[in-house]
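Engineer: Dropping a structure here in structure tokens format, bear with me for questions.
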Amino acid sequence: MKLQQILIDSHKEKEVVFFSPEFSTNKADLVFAFGEREFLESSLPYNILKDLYPNAQIVICSTSGQISNSSLVESKMVSTAIEFEKSTIKITEFDLTINNDIQELGQIVKKELLNKDLKAIVVLSEGSFVNGTELVTELGKQTNNLIPVFGGLAGDNIKFEKTLVGLNDDASEGKVVVIGFYGDEINFSSGCKGGWSDFGPEREVTLSEKNVLYKIGERFALDIYKEYLGKYAEELPGSALYFPLSMKESKEATSVVRTILSIDEKTKSMTFAGNIPQGSYVRLMKGNFDKLIDASYNAASESFSKHPKQPELALIVSCVGRKVVLGNRVEEEFEAVKEVSGNTLLCGFYSYGEISPVSNHTSCELHNQTMAILTISED
């Protein structure tokens, strides 16, 4: 595997951050390009990338912040090109604005991507209105939960207005891109940790529909959030990132974290990135700086320790909520990963939801407010 990473600014000036010896732009197979939504809309970078990497499949995704090999990046696009030496890829794209039936996406993935040589899937999805739980469940169904699935939901800083994803074109609304990786000599491992703490009473969800939460106990969900947010209630939905929701489908189930996508003042409801079933149990959560940073270190340690050799590339997807809560200390999260990663090239973005295998399992889960890391190498 040979790699190149560049930064591109609003004036289309390019800065090379990393390149492997003998890397050839003409031989690049895959490009991940992460940039803020407004940057992608104003710069329309696809043609720039196509000129640089004429034979590559190019995936562009909007973010709530970019991760390069050397630092967190604002106001520039981070482009990472991969030249595989022993492996192949196939990619498909689905447009939710034309057809929002996730099962149809599953059938396309089954038809176009599934075969005996498939080793892993990476999915980058629009993040404004997709039901991440349904997306992950469908991909797990089609792969019989035997293939690791990793990825994330596109971001839009903390604006929550719209998100963009594109395959071999400039990014636009409603797209889901699914990448299959093939070959016996490609290796994957992953890690995913949160670091949030529960607080307050555990309450039962008494009224919900898929990922729309109406009532917790006898109270409207939005009223409860506003009470806890106090003066920050006027900044909803972004300020709800300070208090994500811990959810268990039953008293005995393992909890997952859900983060907010939008609110409805009329119905006093809140839409989350994943399902919150009626009858499930929820608690509010809050962040502690040190615990969040430690969790990022532990996610990296988990992924790197499971890898059969020093990984060549690490794809990082961290939640925008972590970035908001950490504030000026957000660089420490990156530094914690860098401490573990050594010479591995890092790339990634801050998201509206993280998709990663559950620890010690192949089956994947929609996570929120976590640091998720996928490490990749070729033998």
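Letters for chains follow the order of the structure tokens (A, B, ...), residue numbers begin at 1 for each chain, and ligand numbers begin at 1 in the order shown.
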Compile the contact shell of A:Glu202 as an MDAnalysis selection string: residues with an atom at most 12 Å away, counting only C-alpha atoms, same-chain residues fewer than 2 positions apart removed.

Structural biologist: chainID A and resid 198:200 204:205 216:217 245:248 250:251 255 280:285

Engineer: Apply DSSP to the backbone of this structure and, from stretch 232-342 of chain A, keep only the residues in helix (DSSP H, G or I); write these as a ChimeraX atom specification.

Structural biologist: /A:232-235,238-242,289-306,320-341

Engineer: How would you write, as a ChimeraX atom specification, the set of residues in stretch 246-292 of chain A that DSSP gives as strand (DSSP E or B)?

Structural biologist: /A:246-248,256-258,260-264,269-272,281-287

Engineer: Suppose we keep N, CA and C atoms; can you now write the selection as a short mmCIF file (atom, residue, chain, number, x, y, z; two decimals), in the first residue's frame?

Structural biologist:
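The result, written out as selection.cif:
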data_model
loop_
_atom_site.label_atom_id
_atom_site.label_comp_id
_atom_site.auth_asym_id
_atom_site.auth_seq_id
_atom_site.Cartn_x
_atom_site.Cartn_y
_atom_site.Cartn_z
N SER A 246 -27.80 8.07 26.72
CA SER A 246 -27.45 6.66 26.84
C SER A 246 -28.74 5.86 26.75
N MET A 247 -28.77 4.85 25.87
CA MET A 247 -30.01 4.11 25.63
C MET A 247 -29.77 2.61 25.74
N LYS A 248 -30.68 1.92 26.46
CA LYS A 248 -30.68 0.46 26.54
C LYS A 248 -32.05 -0.03 26.10
N VAL A 256 -26.02 1.96 24.40
CA VAL A 256 -25.39 2.66 23.29
C VAL A 256 -25.71 4.15 23.44
N VAL A 257 -24.94 4.97 22.77
CA VAL A 257 -25.12 6.41 22.89
C VAL A 257 -25.82 6.94 21.64
N ARG A 258 -26.74 7.85 21.85
CA ARG A 258 -27.46 8.46 20.74
C ARG A 258 -27.26 9.97 20.80
N ILE A 260 -28.20 13.86 18.94
CA ILE A 260 -29.33 14.53 18.31
C ILE A 260 -28.97 15.04 16.91
N LEU A 261 -29.96 14.99 16.00
CA LEU A 261 -29.83 15.57 14.67
C LEU A 261 -30.69 16.81 14.50
N SER A 262 -31.89 16.79 15.08
CA SER A 262 -32.79 17.94 14.90
C SER A 262 -33.86 17.93 15.99
N ILE A 263 -34.57 19.07 16.11
CA ILE A 263 -35.66 19.18 17.06
C ILE A 263 -36.91 19.70 16.35
N ASP A 264 -38.06 19.45 16.96
CA ASP A 264 -39.33 19.95 16.45
C ASP A 264 -40.05 20.63 17.60
N SER A 269 -40.44 17.17 20.02
CA SER A 269 -39.72 15.92 19.79
C SER A 269 -38.29 16.20 19.39
N MET A 270 -37.48 15.14 19.44
CA MET A 270 -36.08 15.22 19.07
C MET A 270 -35.75 14.03 18.16
N THR A 271 -35.07 14.31 17.05
CA THR A 271 -34.67 13.25 16.13
C THR A 271 -33.20 12.93 16.36
N PHE A 272 -32.92 11.64 16.55
CA PHE A 272 -31.56 11.19 16.84
C PHE A 272 -30.98 10.44 15.64
N TYR A 281 -34.81 2.27 27.75
CA TYR A 281 -34.48 3.06 28.92
C TYR A 281 -33.33 4.01 28.59
N VAL A 282 -33.47 5.26 29.02
CA VAL A 282 -32.49 6.28 28.66
C VAL A 282 -32.03 7.05 29.89
N ARG A 283 -30.79 7.51 29.81
CA ARG A 283 -30.24 8.43 30.81
C ARG A 283 -29.44 9.49 30.09
N LEU A 284 -29.41 10.66 30.65
CA LEU A 284 -28.55 11.71 30.10
C LEU A 284 -27.09 11.39 30.43
N MET A 285 -26.20 11.94 29.63
CA MET A 285 -24.77 11.73 29.83
C MET A 285 -24.06 13.07 29.80
N LYS A 286 -22.90 13.10 30.39
CA LYS A 286 -22.08 14.30 30.35
C LYS A 286 -20.62 13.89 30.17
N GLY A 287 -19.85 14.81 29.65
CA GLY A 287 -18.47 14.51 29.35
C GLY A 287 -17.51 15.03 30.41
#

Engineer: Write out as a list in words each polymer residue whose atoms come within 9 Å of A:Glu134, counting only C-alpha atoms; drop sequence neighbours fewer than 3 positions from it.

Structural biologist: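 Once the nearby chain positions are removed, what remains is Ile102, Gln103, Val130, Asn131, Thr137, Glu138, Leu139, Gly274 and Asn275 of chain A.
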
Engineer: Output all heavy atoms for every residue in that selection, as a tab-separated table (two decimals), in the first residue's frame.

Structural biologist:
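So selection.tsv came out as:
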chain	number	residue	atom	x	y	z
A	102	ILE	N	-33.95	1.88	2.75
A	102	ILE	CA	-32.63	1.34	3.06
A	102	ILE	C	-32.50	-0.12	2.59
A	102	ILE	O	-31.41	-0.58	2.24
A	102	ILE	CB	-32.34	1.44	4.57
A	102	ILE	CG1	-32.18	2.92	4.98
A	102	ILE	CG2	-31.09	0.67	4.95
A	102	ILE	CD1	-30.97	3.60	4.37
A	103	GLN	N	-33.62	-0.85	2.55
A	103	GLN	CA	-33.56	-2.23	2.07
A	103	GLN	C	-33.15	-2.30	0.60
A	103	GLN	O	-32.50	-3.26	0.18
A	103	GLN	CB	-34.90	-2.93	2.28
A	103	GLN	CG	-35.23	-3.14	3.76
A	103	GLN	CD	-36.51	-3.91	3.97
A	103	GLN	OE1	-37.31	-4.08	3.05
A	103	GLN	NE2	-36.74	-4.37	5.18
A	130	VAL	N	-30.65	10.55	7.60
A	130	VAL	CA	-30.59	9.09	7.52
A	130	VAL	C	-30.85	8.47	8.89
A	130	VAL	O	-30.47	9.03	9.92
A	130	VAL	CB	-29.21	8.64	6.98
A	130	VAL	CG1	-28.11	8.89	8.01
A	130	VAL	CG2	-29.24	7.17	6.59
A	131	ASN	N	-31.53	7.33	8.89
A	131	ASN	CA	-31.68	6.55	10.11
A	131	ASN	C	-30.49	5.60	10.17
A	131	ASN	O	-30.45	4.57	9.51
A	131	ASN	CB	-33.00	5.77	10.09
A	131	ASN	CG	-33.27	5.06	11.42
A	131	ASN	OD1	-32.37	4.48	12.02
A	131	ASN	ND2	-34.51	5.11	11.86
A	137	THR	N	-28.13	-1.90	10.39
A	137	THR	CA	-28.84	-3.18	10.47
A	137	THR	C	-28.93	-3.85	9.11
A	137	THR	O	-28.72	-5.06	8.98
A	137	THR	CB	-30.24	-2.98	11.06
A	137	THR	OG1	-30.14	-2.43	12.37
A	137	THR	CG2	-31.01	-4.29	11.12
A	138	GLU	N	-29.22	-3.07	8.08
A	138	GLU	CA	-29.35	-3.63	6.73
A	138	GLU	C	-28.01	-4.15	6.21
A	138	GLU	O	-27.95	-5.23	5.61
A	138	GLU	CB	-29.92	-2.58	5.79
A	138	GLU	CG	-30.15	-3.08	4.36
A	138	GLU	CD	-31.15	-4.21	4.26
A	138	GLU	OE1	-32.04	-4.31	5.14
A	138	GLU	OE2	-31.04	-5.00	3.30
A	139	LEU	N	-26.93	-3.40	6.45
A	139	LEU	CA	-25.63	-3.87	6.01
A	139	LEU	C	-25.22	-5.14	6.75
A	139	LEU	O	-24.64	-6.07	6.18
A	139	LEU	CB	-24.58	-2.78	6.21
A	139	LEU	CG	-24.73	-1.55	5.30
A	139	LEU	CD1	-23.71	-0.47	5.70
A	139	LEU	CD2	-24.55	-1.92	3.84
A	274	GLY	N	-29.85	7.49	15.56
A	274	GLY	CA	-30.25	6.08	15.56
A	274	GLY	C	-31.54	5.88	16.32
A	274	GLY	O	-32.04	6.78	17.02
A	275	ASN	N	-32.11	4.70	16.19
A	275	ASN	CA	-33.41	4.41	16.80
A	275	ASN	C	-33.37	4.46	18.32
A	275	ASN	O	-32.37	4.10	18.95
A	275	ASN	CB	-33.88	3.02	16.37
A	275	ASN	CG	-34.38	2.99	14.94
A	275	ASN	OD1	-34.57	4.03	14.33
A	275	ASN	ND2	-34.56	1.79	14.41

Engineer: Take atom CA of A:Ala299 and atom CA of A:Leu374 and report the distance between them in Å, one decimal.

Structural biologist: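 Here the two named atoms are 9.7 Å from each other.
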